[in-house]
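K.L.:
If it helps, the file is called my_file_31.txt and holds compact mmCIF, C-alpha atoms and all ligand atoms:
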```txt
# COMPACT_ATOMS: atom_id res chain seq x y z
CA MET V 1 25.78 -2.89 11.87
CA THR V 2 25.41 0.55 13.41
CA VAL V 3 26.77 1.28 16.87
CA GLU V 4 23.93 1.60 19.41
CA HIS V 5 24.94 4.92 20.95
CA LEU V 6 27.12 7.49 19.32
CA THR V 7 27.62 11.07 20.44
CA PHE V 8 29.28 13.83 18.44
CA ARG V 9 31.23 16.52 20.27
CA VAL V 10 31.97 19.51 18.09
CA ALA V 11 34.23 22.31 19.34
CA PRO V 12 33.16 25.79 18.28
CA GLY V 13 34.66 27.85 15.49
CA GLY V 14 36.98 27.06 12.62
CA ALA V 15 36.43 27.18 8.88
CA LEU V 16 36.17 24.59 6.10
CA SER V 17 38.85 24.53 3.44
CA GLY V 18 40.50 22.26 0.90
CA ARG V 19 38.82 19.68 -1.28
CA ILE V 20 36.39 16.94 -0.34
CA ARG V 21 34.52 14.16 -2.14
CA VAL V 22 31.52 12.96 -0.18
CA PRO V 23 30.13 9.40 -0.56
CA GLY V 24 27.95 8.19 -3.41
CA ASP V 25 24.36 9.21 -3.99
CA LYS V 26 21.97 7.16 -1.86
CA SER V 27 18.99 7.30 -4.22
CA ILE V 28 21.08 6.23 -7.21
CA SER V 29 22.87 3.51 -5.19
CA HIS V 30 19.57 1.86 -4.18
CA ARG V 31 18.27 1.88 -7.73
CA SER V 32 21.53 0.53 -9.18
CA ILE V 33 21.18 -2.61 -7.05
CA MET V 34 17.49 -3.05 -7.86
CA PHE V 35 17.78 -2.60 -11.62
CA GLY V 36 21.10 -4.46 -11.89
CA SER V 37 19.47 -7.40 -10.10
CA LEU V 38 16.47 -7.44 -12.46
CA ALA V 39 18.46 -6.92 -15.66
CA ASP V 40 19.65 -9.47 -18.19
CA GLY V 41 23.46 -9.53 -18.10
CA THR V 42 26.20 -8.17 -15.87
CA THR V 43 26.05 -4.70 -14.32
CA HIS V 44 29.13 -2.95 -12.91
CA ILE V 45 28.57 -0.18 -10.39
CA SER V 46 31.23 2.28 -9.24
CA GLY V 47 30.98 4.97 -6.59
CA PHE V 48 28.34 2.95 -4.69
CA LEU V 49 27.38 4.34 -1.28
CA GLU V 50 28.58 1.85 1.35
CA GLY V 51 26.11 3.19 3.92
CA GLU V 52 23.71 1.03 5.88
CA ASP V 53 20.63 2.05 3.83
CA SER V 54 21.96 1.05 0.43
CA LEU V 55 23.70 -1.99 1.94
CA ASN V 56 20.30 -3.11 3.22
CA THR V 57 18.99 -2.99 -0.35
CA LEU V 58 22.02 -4.99 -1.48
CA ARG V 59 21.48 -7.63 1.23
CA ALA V 60 17.79 -7.86 0.30
CA PHE V 61 18.53 -8.75 -3.32
CA ARG V 62 21.21 -11.21 -2.25
CA ALA V 63 18.58 -12.79 -0.01
CA MET V 64 16.45 -13.18 -3.14
CA GLY V 65 19.18 -15.18 -4.86
CA VAL V 66 20.96 -12.50 -6.88
CA HIS V 67 24.75 -12.89 -7.24
CA ILE V 68 26.28 -9.61 -6.12
CA ASP V 69 30.03 -9.23 -5.71
CA GLY V 70 31.22 -6.35 -3.52
CA PRO V 71 31.18 -3.63 -2.56
CA HIS V 72 34.95 -3.30 -2.89
CA ASP V 73 35.78 0.36 -2.44
CA GLY V 74 32.47 1.36 -4.07
CA ASN V 75 32.68 -1.21 -6.88
CA ILE V 76 30.00 -3.85 -7.31
CA THR V 77 29.32 -6.49 -9.95
CA ILE V 78 25.81 -7.90 -10.29
CA GLU V 79 24.91 -10.98 -12.31
CA GLY V 80 21.40 -9.92 -13.21
CA ALA V 81 18.68 -12.48 -12.51
CA GLY V 82 16.33 -11.09 -15.15
CA ILE V 83 12.95 -9.45 -14.57
CA ASP V 84 11.37 -12.74 -13.38
CA GLY V 85 14.49 -14.19 -11.77
CA LEU V 86 14.13 -13.25 -8.10
CA LYS V 87 13.69 -16.14 -5.66
CA ALA V 88 11.65 -16.30 -2.46
CA PRO V 89 13.75 -15.12 0.51
CA THR V 90 13.98 -17.55 3.41
CA GLY V 91 12.93 -15.06 6.10
CA ASP V 92 11.78 -11.47 6.51
CA ILE V 93 13.69 -8.85 4.58
CA TYR V 94 15.03 -6.38 7.15
CA LEU V 95 15.59 -2.89 5.73
CA GLY V 96 16.82 -1.05 8.83
CA ASN V 97 16.23 2.71 8.60
CA SER V 98 15.69 2.83 4.85
CA GLY V 99 12.38 4.23 3.62
CA THR V 100 13.56 4.22 0.01
CA SER V 101 14.29 0.47 0.15
CA MET V 102 10.88 -0.29 1.63
CA ARG V 103 8.78 1.91 -0.61
CA LEU V 104 10.50 0.99 -3.89
CA MET V 105 10.77 -2.71 -3.07
CA SER V 106 7.10 -2.94 -2.10
CA GLY V 107 6.28 -2.09 -5.73
CA LEU V 108 8.72 -4.63 -7.14
CA LEU V 109 7.73 -7.39 -4.75
CA ALA V 110 4.00 -6.89 -5.35
CA GLY V 111 4.69 -8.22 -8.86
CA GLN V 112 6.50 -11.43 -7.81
CA ASP V 113 4.98 -14.87 -7.56
CA PHE V 114 6.35 -15.45 -4.01
CA ASP V 115 5.34 -14.00 -0.63
CA SER V 116 7.69 -11.59 1.16
CA THR V 117 7.76 -9.53 4.34
CA LEU V 118 9.53 -6.18 4.60
CA SER V 119 10.46 -4.93 8.08
CA GLY V 120 12.55 -2.11 9.50
CA ASP V 121 13.84 -0.40 12.63
CA THR V 122 11.65 1.61 15.03
CA SER V 123 11.85 4.79 12.92
CA LEU V 124 10.95 3.01 9.67
CA SER V 125 8.19 1.08 11.44
CA ARG V 126 6.56 4.41 12.36
CA ARG V 127 6.64 5.91 8.86
CA PRO V 128 3.54 6.01 6.64
CA MET V 129 3.31 3.13 4.17
CA ALA V 130 -0.34 3.51 3.15
CA ARG V 131 0.93 5.95 0.54
CA VAL V 132 2.38 2.93 -1.29
CA THR V 133 0.03 0.13 -0.25
CA LYS V 134 -3.03 2.10 -1.41
CA PRO V 135 -2.01 2.50 -5.09
CA LEU V 136 -0.58 -1.03 -5.08
CA ALA V 137 -3.94 -2.36 -3.86
CA GLU V 138 -5.59 -0.49 -6.74
CA MET V 139 -3.26 -2.41 -9.04
CA GLY V 140 -4.44 -5.67 -7.51
CA ALA V 141 -1.65 -6.30 -5.00
CA ARG V 142 -2.42 -7.87 -1.63
CA ILE V 143 -0.35 -6.38 1.20
CA ASP V 144 -1.01 -6.65 4.94
CA THR V 145 0.33 -3.90 7.18
CA ALA V 146 0.29 -3.18 10.90
CA ALA V 147 -2.98 -1.66 12.18
CA ASN V 148 -2.03 1.94 11.35
CA GLY V 149 -0.81 1.16 7.84
CA THR V 150 2.84 0.87 8.82
CA ALA V 151 5.52 -1.83 8.42
CA PRO V 152 5.99 -4.72 8.54
CA LEU V 153 4.54 -5.16 5.06
CA ARG V 154 3.42 -8.71 4.26
CA ILE V 155 3.25 -8.88 0.49
CA HIS V 156 1.32 -11.79 -1.01
CA GLY V 157 2.84 -13.07 -4.21
CA GLY V 158 1.03 -14.34 -7.27
CA SER V 159 -1.27 -11.36 -7.78
CA ARG V 160 -1.93 -10.40 -11.36
CA LEU V 161 -1.23 -6.66 -11.41
CA LYS V 162 -3.14 -4.32 -13.66
CA ALA V 163 -1.87 -0.94 -14.80
CA ILE V 164 -3.29 2.21 -13.21
CA ASP V 165 -3.22 5.89 -13.95
CA TYR V 166 -2.25 7.31 -10.57
CA VAL V 167 -2.34 10.93 -9.47
CA LEU V 168 0.09 11.31 -6.56
CA PRO V 169 -1.55 12.98 -3.56
CA MET V 170 1.86 14.32 -2.44
CA ALA V 171 5.13 15.11 -4.19
CA SER V 172 7.04 11.90 -3.50
CA ALA V 173 9.67 10.25 -5.66
CA GLN V 174 9.40 7.13 -3.54
CA VAL V 175 5.69 6.69 -4.21
CA LYS V 176 6.12 7.57 -7.90
CA SER V 177 8.91 4.99 -8.16
CA CYS V 178 6.94 2.34 -6.29
CA VAL V 179 4.01 2.57 -8.70
CA LEU V 180 6.26 2.62 -11.78
CA LEU V 181 8.19 -0.43 -10.55
CA ALA V 182 4.98 -2.34 -9.92
CA GLY V 183 4.05 -1.19 -13.44
CA LEU V 184 6.95 -3.26 -14.84
CA TYR V 185 4.91 -6.33 -13.82
CA ALA V 186 1.44 -5.00 -14.69
CA ASP V 187 -0.76 -5.62 -17.71
CA GLY V 188 -0.94 -2.42 -19.72
CA THR V 189 0.41 1.09 -19.36
CA THR V 190 1.03 2.45 -15.86
CA CYS V 191 1.11 6.23 -15.50
CA VAL V 192 1.90 8.48 -12.55
CA THR V 193 1.12 12.20 -12.43
CA GLU V 194 3.10 14.28 -9.95
CA PRO V 195 1.82 17.48 -8.31
CA ALA V 196 5.36 18.93 -8.48
CA PRO V 197 8.62 17.64 -9.97
CA THR V 198 10.45 15.18 -7.71
CA ARG V 199 13.76 13.38 -8.18
CA ASP V 200 13.72 11.41 -11.44
CA HIS V 201 16.50 8.86 -10.88
CA THR V 202 14.09 5.94 -11.41
CA GLU V 203 13.03 7.21 -14.81
CA ARG V 204 16.58 8.05 -15.88
CA MET V 205 18.06 4.78 -14.73
CA LEU V 206 15.28 2.63 -16.20
CA ARG V 207 16.03 4.31 -19.53
CA GLY V 208 19.73 3.62 -18.94
CA PHE V 209 18.80 -0.06 -18.58
CA GLY V 210 17.01 0.14 -21.93
CA TYR V 211 13.41 0.46 -20.64
CA ASP V 212 11.06 2.83 -22.41
CA VAL V 213 9.82 5.42 -19.88
CA ARG V 214 7.86 8.33 -21.30
CA ARG V 215 7.22 11.71 -19.73
CA GLU V 216 4.62 14.15 -20.99
CA GLY V 217 4.47 17.21 -18.77
CA ASP V 218 3.87 16.02 -15.24
CA ARG V 219 2.79 12.49 -16.29
CA ILE V 220 5.23 9.57 -16.51
CA CYS V 221 4.23 6.30 -18.19
CA LEU V 222 5.67 2.87 -18.91
CA ASP V 223 4.33 -0.38 -20.35
CA GLY V 224 4.52 -3.57 -18.33
CA GLY V 225 6.13 -6.74 -19.57
CA GLY V 226 9.46 -5.40 -20.85
CA ARG V 227 12.98 -6.42 -19.87
CA LEU V 228 16.01 -4.55 -18.53
CA THR V 229 19.42 -4.81 -20.16
CA ALA V 230 22.50 -4.64 -17.92
CA THR V 231 24.62 -1.50 -18.07
CA ASP V 232 27.31 0.21 -16.04
CA VAL V 233 26.37 2.75 -13.38
CA ASP V 234 28.78 5.42 -12.17
CA VAL V 235 27.28 6.86 -8.98
CA PRO V 236 28.09 10.56 -8.42
CA ALA V 237 28.67 12.01 -4.94
CA ASP V 238 25.42 12.68 -3.09
CA ILE V 239 24.33 16.34 -3.19
CA SER V 240 22.39 15.65 0.00
CA SER V 241 25.67 14.78 1.74
CA ALA V 242 27.48 17.65 0.00
CA ALA V 243 24.81 19.99 1.42
CA PHE V 244 26.32 19.87 4.94
CA PHE V 245 29.58 21.20 3.55
CA LEU V 246 27.91 23.77 1.30
CA VAL V 247 26.18 25.21 4.36
CA GLY V 248 29.14 24.77 6.72
CA ALA V 249 31.53 26.59 4.39
CA SER V 250 28.93 29.30 3.69
CA ILE V 251 28.36 30.16 7.36
CA ALA V 252 31.97 29.84 8.58
CA GLU V 253 33.87 33.02 7.80
CA GLY V 254 37.10 32.45 5.86
CA SER V 255 36.02 29.10 4.41
CA ASP V 256 37.06 28.11 0.88
CA LEU V 257 36.10 24.56 -0.01
CA VAL V 258 35.68 22.56 -3.21
CA VAL V 259 33.18 19.69 -3.08
CA GLU V 260 34.03 17.33 -5.94
CA HIS V 261 32.01 15.23 -8.39
CA VAL V 262 28.61 16.23 -6.99
CA GLY V 263 25.47 14.88 -8.66
CA MET V 264 23.68 17.92 -10.16
CA ASN V 265 20.45 16.34 -11.35
CA PRO V 266 18.07 19.32 -11.68
CA THR V 267 15.50 17.53 -9.50
CA ARG V 268 18.03 17.60 -6.63
CA THR V 269 19.65 21.04 -6.77
CA GLY V 270 17.13 23.02 -4.72
CA VAL V 271 19.72 23.43 -1.98
CA ILE V 272 21.95 25.39 -4.35
CA ASP V 273 19.08 27.67 -5.41
CA ILE V 274 18.02 28.28 -1.81
CA LEU V 275 21.55 29.01 -0.61
CA ARG V 276 22.09 31.41 -3.51
CA LEU V 277 18.86 33.23 -2.66
CA MET V 278 20.29 33.59 0.87
CA GLY V 279 23.43 35.17 -0.55
CA ALA V 280 25.81 32.19 -0.54
CA ASP V 281 28.93 32.30 -2.69
CA LEU V 282 28.78 29.10 -4.73
CA THR V 283 30.59 28.47 -8.01
CA VAL V 284 29.64 25.43 -10.07
CA MET V 285 32.67 24.22 -12.04
CA ASN V 286 33.62 21.44 -14.48
CA GLU V 287 30.07 20.53 -15.37
CA ARG V 288 29.99 17.16 -17.12
CA GLU V 289 27.70 14.19 -17.63
CA VAL V 290 28.45 10.82 -16.04
CA GLY V 291 26.26 7.82 -16.86
CA GLY V 292 23.15 9.86 -17.65
CA GLU V 293 23.45 12.17 -14.61
CA PRO V 294 24.96 15.69 -14.60
CA VAL V 295 27.95 16.12 -12.27
CA ALA V 296 30.04 19.15 -11.22
CA ASP V 297 32.52 20.42 -8.64
CA ILE V 298 31.21 23.15 -6.35
CA ARG V 299 33.44 25.83 -4.82
CA VAL V 300 31.98 27.49 -1.76
CA ARG V 301 33.34 30.44 0.18
CA GLY V 302 32.14 31.99 3.39
CA ALA V 303 29.48 34.67 2.90
CA ARG V 304 27.00 36.72 4.91
CA LEU V 305 23.68 34.95 4.55
CA LYS V 306 20.33 36.68 4.80
CA GLY V 307 16.94 35.26 5.72
CA ILE V 308 14.46 34.54 2.93
CA ARG V 309 10.99 33.20 2.26
CA ILE V 310 11.79 29.83 0.69
CA PRO V 311 9.88 29.39 -2.61
CA GLU V 312 7.51 26.42 -2.20
CA GLU V 313 8.33 25.00 -5.62
CA LEU V 314 11.89 24.38 -4.38
CA VAL V 315 10.73 22.25 -1.43
CA PRO V 316 10.62 18.83 -3.19
CA LEU V 317 13.93 19.65 -4.88
CA ALA V 318 15.66 20.15 -1.52
CA ILE V 319 13.52 17.88 0.64
CA ASP V 320 16.41 16.13 2.43
CA GLU V 321 18.45 19.31 2.91
CA PHE V 322 16.16 21.22 5.28
CA PRO V 323 17.85 20.17 8.52
CA VAL V 324 21.07 21.83 7.40
CA LEU V 325 19.24 24.69 5.65
CA PHE V 326 17.64 25.47 9.03
CA VAL V 327 21.17 25.84 10.39
CA ALA V 328 21.96 28.22 7.54
CA ALA V 329 18.80 30.19 8.41
CA ALA V 330 19.77 30.27 12.09
CA SER V 331 23.06 31.96 11.26
CA ALA V 332 21.61 34.29 8.61
CA GLU V 333 20.59 37.87 9.21
CA GLY V 334 16.84 38.25 9.47
CA GLU V 335 13.93 35.89 9.18
CA THR V 336 13.62 32.73 7.08
CA VAL V 337 10.17 31.29 6.46
CA LEU V 338 9.55 27.78 5.18
CA THR V 339 6.04 26.65 4.19
CA GLY V 340 4.65 23.74 2.18
CA ALA V 341 7.03 21.23 3.76
CA GLU V 342 4.73 19.03 5.88
CA GLU V 343 6.53 15.99 4.41
CA LEU V 344 9.42 16.82 6.74
CA ARG V 345 7.31 15.59 9.62
CA VAL V 346 7.37 12.00 8.31
CA LYS V 347 11.04 11.59 7.44
CA GLU V 348 13.50 9.54 9.55
CA SER V 349 12.32 11.81 12.38
CA ASP V 350 9.87 14.71 12.57
CA ARG V 351 12.47 17.06 11.14
CA ILE V 352 10.47 20.21 11.86
CA GLN V 353 10.05 19.45 15.56
CA VAL V 354 13.46 17.90 16.17
CA MET V 355 15.32 20.76 14.48
CA ALA V 356 13.22 23.41 16.25
CA ASP V 357 13.88 21.74 19.62
CA GLY V 358 17.63 21.66 19.00
CA LEU V 359 17.85 25.19 17.63
CA GLN V 360 15.99 26.47 20.69
CA VAL V 361 18.57 24.74 22.92
CA LEU V 362 21.19 26.73 20.98
CA ARG V 363 19.15 29.89 21.79
CA ILE V 364 17.86 30.43 18.26
CA ASP V 365 14.35 31.75 17.77
CA ALA V 366 12.89 28.83 15.81
CA GLU V 367 9.14 28.51 15.61
CA PRO V 368 7.77 25.26 14.17
CA THR V 369 4.57 25.47 12.12
CA PRO V 370 2.44 22.57 10.81
CA ASP V 371 4.15 22.70 7.41
CA GLY V 372 7.47 24.42 8.02
CA MET V 373 9.36 26.74 10.32
CA ILE V 374 10.03 30.42 10.99
CA ILE V 375 13.61 31.06 12.04
CA ARG V 376 15.06 34.38 13.12
CA GLY V 377 18.81 34.28 12.73
CA GLY V 378 20.97 35.23 15.69
CA ALA V 379 23.94 34.41 17.88
CA MET V 380 24.23 30.65 18.33
CA ARG V 381 25.17 29.21 21.71
CA GLY V 382 26.73 25.86 22.48
CA GLY V 383 24.59 23.15 24.04
CA ARG V 384 23.47 19.53 24.03
CA VAL V 385 20.95 18.50 21.37
CA HIS V 386 19.34 15.25 20.22
CA ALA V 387 19.58 13.89 16.70
CA ARG V 388 16.74 11.44 17.53
CA GLU V 389 18.57 8.79 15.51
CA ASP V 390 18.17 10.87 12.35
CA HIS V 391 21.39 11.00 10.32
CA ARG V 392 20.71 14.34 8.70
CA ILE V 393 19.82 16.04 12.00
CA ALA V 394 23.11 14.84 13.50
CA MET V 395 25.21 16.19 10.64
CA ALA V 396 23.24 19.44 10.45
CA PHE V 397 23.89 20.28 14.11
CA SER V 398 27.56 19.40 13.76
CA MET V 399 27.89 22.21 11.19
CA ALA V 400 26.21 24.65 13.58
CA ALA V 401 29.30 24.46 15.79
CA LEU V 402 31.24 26.43 13.17
CA VAL V 403 29.33 29.55 14.29
CA ALA V 404 28.40 28.66 17.89
CA ASP V 405 30.13 30.24 20.88
CA GLY V 406 30.50 26.95 22.73
CA GLU V 407 30.77 23.20 22.19
CA ILE V 408 27.78 21.43 20.61
CA VAL V 409 27.17 17.90 21.86
CA ILE V 410 24.83 15.79 19.72
CA ASP V 411 23.33 12.55 21.04
CA ASP V 412 21.92 9.64 18.97
CA CYS V 413 24.23 9.96 15.97
CA ALA V 414 24.83 6.29 15.06
CA ASN V 415 22.53 6.48 12.04
CA VAL V 416 24.90 8.89 10.28
CA ASN V 417 26.25 5.60 8.97
CA THR V 418 23.05 5.04 6.98
CA SER V 419 24.01 7.71 4.43
CA PHE V 420 27.49 8.99 5.23
CA PRO V 421 30.11 6.46 6.35
CA ASN V 422 33.25 8.14 7.74
CA TYR V 423 31.53 11.50 8.17
CA VAL V 424 33.67 12.37 11.17
CA GLY V 425 36.92 11.55 9.35
CA LEU V 426 36.03 13.48 6.22
CA ALA V 427 34.55 16.48 8.04
CA SER V 428 37.50 16.81 10.40
CA GLY V 429 39.83 16.57 7.39
CA VAL V 430 38.48 19.86 6.03
CA GLY V 431 38.37 21.69 9.37
CA LEU V 432 35.29 20.71 11.41
CA ARG V 433 36.39 20.21 15.04
CA ILE V 434 34.36 17.06 15.48
CA LYS V 435 34.94 13.93 17.55
CA ALA V 436 32.73 10.86 17.95
CA GLU V 437 32.26 9.08 21.30
CA SER V 438 30.55 5.72 21.60
C1 LIG K 1 14.04 9.46 -2.12
C2 LIG K 1 12.97 10.31 -2.18
C3 LIG K 1 12.66 11.30 -1.13
C4 LIG K 1 13.81 11.50 -0.17
C5 LIG K 1 14.46 10.21 0.22
C6 LIG K 1 14.97 9.46 -0.99
C7 LIG K 1 14.26 8.51 -3.24
O1 LIG K 1 11.53 10.88 -0.39
O2 LIG K 1 13.38 12.18 1.00
O3 LIG K 1 15.54 10.45 1.11
O4 LIG K 1 15.37 7.95 -3.35
O5 LIG K 1 13.34 8.32 -4.04
P1 LIG K 1 10.05 11.21 -0.88
O6 LIG K 1 10.03 10.92 -2.31
O7 LIG K 1 9.13 10.33 -0.11
O8 LIG K 1 9.84 12.66 -0.57
```
What does the file become when written as structure tokens?
P.N.:
Amino acid sequence: MTVEHLTFRVAPGGALSGRIRVPGDKSISHRSIMFGSLADGTTHISGFLEGEDSLNTLRAFRAMGVHIDGPHDGNITIEGAGIDGLKAPTGDIYLGNSGTSMRLMSGLLAGQDFDSTLSGDTSLSRRPMARVTKPLAEMGARIDTAANGTAPLRIHGGSRLKAIDYVLPMASAQVKSCVLLAGLYADGTTCVTEPAPTRDHTERMLRGFGYDVRREGDRICLDGGGRLTATDVDVPADISSAAFFLVGASIAEGSDLVVEHVGMNPTRTGVIDILRLMGADLTVMNEREVGGEPVADIRVRGARLKGIRIPEELVPLAIDEFPVLFVAAASAEGETVLTGAEELRVKESDRIQVMADGLQVLRIDAEPTPDGMIIRGGAMRGGRVHAREDHRIAMAFSMAALVADGEIVIDDCANVNTSFPNYVGLASGVGLRIKAES
């Protein structure tokens, strides 16, 4: 369980150097548990993220009767229950802070013959769920929500799902995945059309488990009624966790850091493109393919960053990296403008408002807009900021200390454990002057 109150204290200055491997990819870890559980046969997973979010997915499938051994140092063995093998859980399924668990599982559970209830913490209980319950209702699912369309989700089992052809109203891999996973249980061919490319781990991993998923342009289709065949999943390091170090080493003069075994799926590498546009010195080395996902080591050296207008087509490809990209913008020369990123307002926190509030405390000219932010880079002061229980905000502000002129104190950091266990240990190992206080 996460600690209730955790504060980071980060002394100013320093540089990042050496080599680091950050924990496993969160998106891939969730899906490895889901598909391994539904497959026929035994799935071995290595490199699994032992963070609270993916552990909540693991506990959920155990609660539905799946035999899961581990994690032992990132290794997990799943005795797949088969596509129709899940059993009714005895109580509510609690998913903590994890939006991915809730949105993907709502699709899977809509196709079961038992009732289930998905609940979460205060942040997850505020996040919009109508974006998944609406298409699922079109497929014939029956799901009750709280009055404003939020969790808990009470999913009635035994509905006969029918395939739909769904045009996503927003670029969201979670909604795309939810509909496709319900489509496994639907009569006919389910298709989803995306307004812009989003992460495609669901499609890749379903294919890895032997399921036929077809993509034509921006439309992805699968037929219901098939089966998954167990396979092994090697989870690469999470580029979203690597991003803190890519930015930290870029802004801290004299840094020279290698981030190892990073997942380089092209639907996730927007952070690299954006940092390069800002003038970052990144070298991608040892490119290889591991279990259907591209992987590489990234060398990053300190550089003078400049402000840019962030191309909107890169927004979904870097959607989780904006908290730390705002820190890069704050220490760059000139103005950075982000637009087309209203989705940031409904993440684990309102990431536009929370980052703008914190940057202003650090005396940065950060102007929130409805769908983004305008940041004029400048001298960063020390100060006390709030992470608002959002893991990525906490880690982003910790990197700001590398260029601040005083200590940065960050409150509400316990949720760093949802995606990045041992962040403080790993970050201090490469030069960040960070300490945690509970
Ligand atoms: C995720 C998709 C993204 C991302 C989230 C993980 C996934 O959300 O922000 O952290 O694993 O599918 P959206 O698809 O809703 O933008």
K.L.:
Counting all atoms listed in the file, what are the residues, protein, DNA or RNA alike, that approach ligand LIG 1 (chain K) to within 6 Å? I want them as a JSON list (two decimals) with C-alpha atoms, in the coordinates of the input.
P.N.:
```json
[["chain", "number", "residue", "atom", "x", "y", "z"],
["V", 27, "SER", "CA", 18.99, 7.30, -4.22],
["V", 100, "THR", "CA", 13.56, 4.22, 0.01],
["V", 172, "SER", "CA", 7.04, 11.90, -3.50],
["V", 173, "ALA", "CA", 9.67, 10.25, -5.66],
["V", 174, "GLN", "CA", 9.40, 7.13, -3.54],
["V", 319, "ILE", "CA", 13.52, 17.88, 0.64],
["V", 320, "ASP", "CA", 16.41, 16.13, 2.43]]
```
K.L.:
Any idea what's packed within 7 Å of Asp405 in chain V, counting all atoms listed in the file, ignoring anything in its chain fewer than 6 positions away? Could you give it as number ranges by chain?
P.N.:
V: 12, 380-382
K.L.:
Measuring between only C-alpha atoms, which one of V:Leu58, V:Ala130, V:Ile375, V:Leu180 shows the shortest distance to Ala332 in chain V?
P.N.:
V:Ile375
K.L.:
In the coordinate frame of the file, compute which residues have an atom within 9 Å of (-2.7, -9.3, -12.4) when using only C-alpha atoms, and state them as a count of residues only.
P.N.:
13
K.L.:
Using Å and a single decimal, report how far CA of Ser438 in chain V sits from CA of His386 in chain V.
P.N.:
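Separation between CA of His386 in chain V and CA of Ser438 in chain V: 14.8 Å.
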K.L.:
Which residue is closest to Gly41 in chain V? Choose from V:Arg204, V:His67, V:Lys134, V:Arg276 and count only C-alpha atoms.
P.N.:
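Using only C-alpha atoms, the shortest distance to Gly41 in chain V belongs to V:His67.
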K.L.:
For each of V:Ser54, V:Ala81, V:Pro236, V:Ala15, take the minimum atom-to-atom distance to Ser250 in chain V, counting only C-alpha atoms, then give the residue where this is smallest.
P.N.:
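Comparing V:Ser54, V:Ala81, V:Pro236, V:Ala15 against Ser250 in chain V, the winner is V:Ala15.
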K.L.:
Would you mind reading off the distance between CA of Gly225 in chain V and CA of Ser101 in chain V, one decimal, in Å?
P.N.:
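Value for the CA of Gly225 in chain V-CA of Ser101 in chain V distance: 22.5 Å.
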K.L.:
Considering only C-alpha atoms, state which residue in the set V:Gly82, V:Gly13, V:Gly340, V:Gly224 is at the smallest distance from Thr189 in chain V.
P.N.:
V:Gly224
K.L.:
Dump as number ranges by chain all residues having an atom at most 8 Å from (12.0, -2.7, 5.4), computed in the file's coordinates with only C-alpha atoms.
P.N.:
V: 93-99, 101-102, 118-121, 124, 151-153
K.L.:
Which residue is closest to Thr339 in chain V? Choose from V:Glu367, V:Ile310, V:Asp212, V:Val327 and count all atoms listed in the file.
P.N.:
V:Ile310
K.L.:
Find the distance between CA of Glu333 in chain V and CA of Gly302 in chain V and write it in Å to one decimal.
P.N.:
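Spanning CA of Glu333 in chain V to CA of Gly302 in chain V is a straight-line distance of 14.2 Å.
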K.L.:
Please, could N, CA and C atoms be added to range 237-248 of chain V and the result written as a PDB file, keeping the file's coordinate frame?
P.N.:
```pdb
ATOM      1  N   ALA V 237      28.754  11.699  -6.368  1.00  0.00           N
ATOM      2  CA  ALA V 237      28.670  12.010  -4.940  1.00  0.00           C
ATOM      3  C   ALA V 237      27.293  12.609  -4.653  1.00  0.00           C
ATOM      4  N   ASP V 238      26.802  12.337  -3.455  1.00  0.00           N
ATOM      5  CA  ASP V 238      25.420  12.680  -3.090  1.00  0.00           C
ATOM      6  C   ASP V 238      25.312  14.161  -2.733  1.00  0.00           C
ATOM      7  N   ILE V 239      24.500  14.904  -3.489  1.00  0.00           N
ATOM      8  CA  ILE V 239      24.330  16.340  -3.190  1.00  0.00           C
ATOM      9  C   ILE V 239      23.720  16.531  -1.804  1.00  0.00           C
ATOM     10  N   SER V 240      22.968  15.532  -1.348  1.00  0.00           N
ATOM     11  CA  SER V 240      22.390  15.650   0.000  1.00  0.00           C
ATOM     12  C   SER V 240      23.460  15.552   1.075  1.00  0.00           C
ATOM     13  N   SER V 241      24.537  14.826   0.808  1.00  0.00           N
ATOM     14  CA  SER V 241      25.670  14.780   1.740  1.00  0.00           C
ATOM     15  C   SER V 241      26.571  15.995   1.542  1.00  0.00           C
ATOM     16  N   ALA V 242      26.705  16.434   0.287  1.00  0.00           N
ATOM     17  CA  ALA V 242      27.480  17.650   0.000  1.00  0.00           C
ATOM     18  C   ALA V 242      26.869  18.856   0.716  1.00  0.00           C
ATOM     19  N   ALA V 243      25.538  18.828   0.879  1.00  0.00           N
ATOM     20  CA  ALA V 243      24.810  19.990   1.420  1.00  0.00           C
ATOM     21  C   ALA V 243      25.358  20.434   2.785  1.00  0.00           C
ATOM     22  N   PHE V 244      25.790  19.482   3.619  1.00  0.00           N
ATOM     23  CA  PHE V 244      26.320  19.870   4.940  1.00  0.00           C
ATOM     24  C   PHE V 244      27.540  20.763   4.765  1.00  0.00           C
ATOM     25  N   PHE V 245      28.350  20.436   3.767  1.00  0.00           N
ATOM     26  CA  PHE V 245      29.580  21.200   3.550  1.00  0.00           C
ATOM     27  C   PHE V 245      29.292  22.515   2.828  1.00  0.00           C
ATOM     28  N   LEU V 246      28.281  22.514   1.968  1.00  0.00           N
ATOM     29  CA  LEU V 246      27.910  23.770   1.300  1.00  0.00           C
ATOM     30  C   LEU V 246      27.436  24.776   2.345  1.00  0.00           C
ATOM     31  N   VAL V 247      26.652  24.308   3.307  1.00  0.00           N
ATOM     32  CA  VAL V 247      26.180  25.210   4.360  1.00  0.00           C
ATOM     33  C   VAL V 247      27.320  25.546   5.323  1.00  0.00           C
ATOM     34  N   GLY V 248      28.056  24.530   5.749  1.00  0.00           N
ATOM     35  CA  GLY V 248      29.140  24.770   6.720  1.00  0.00           C
ATOM     36  C   GLY V 248      30.127  25.808   6.205  1.00  0.00           C
TER      37      GLY V 248
END
```
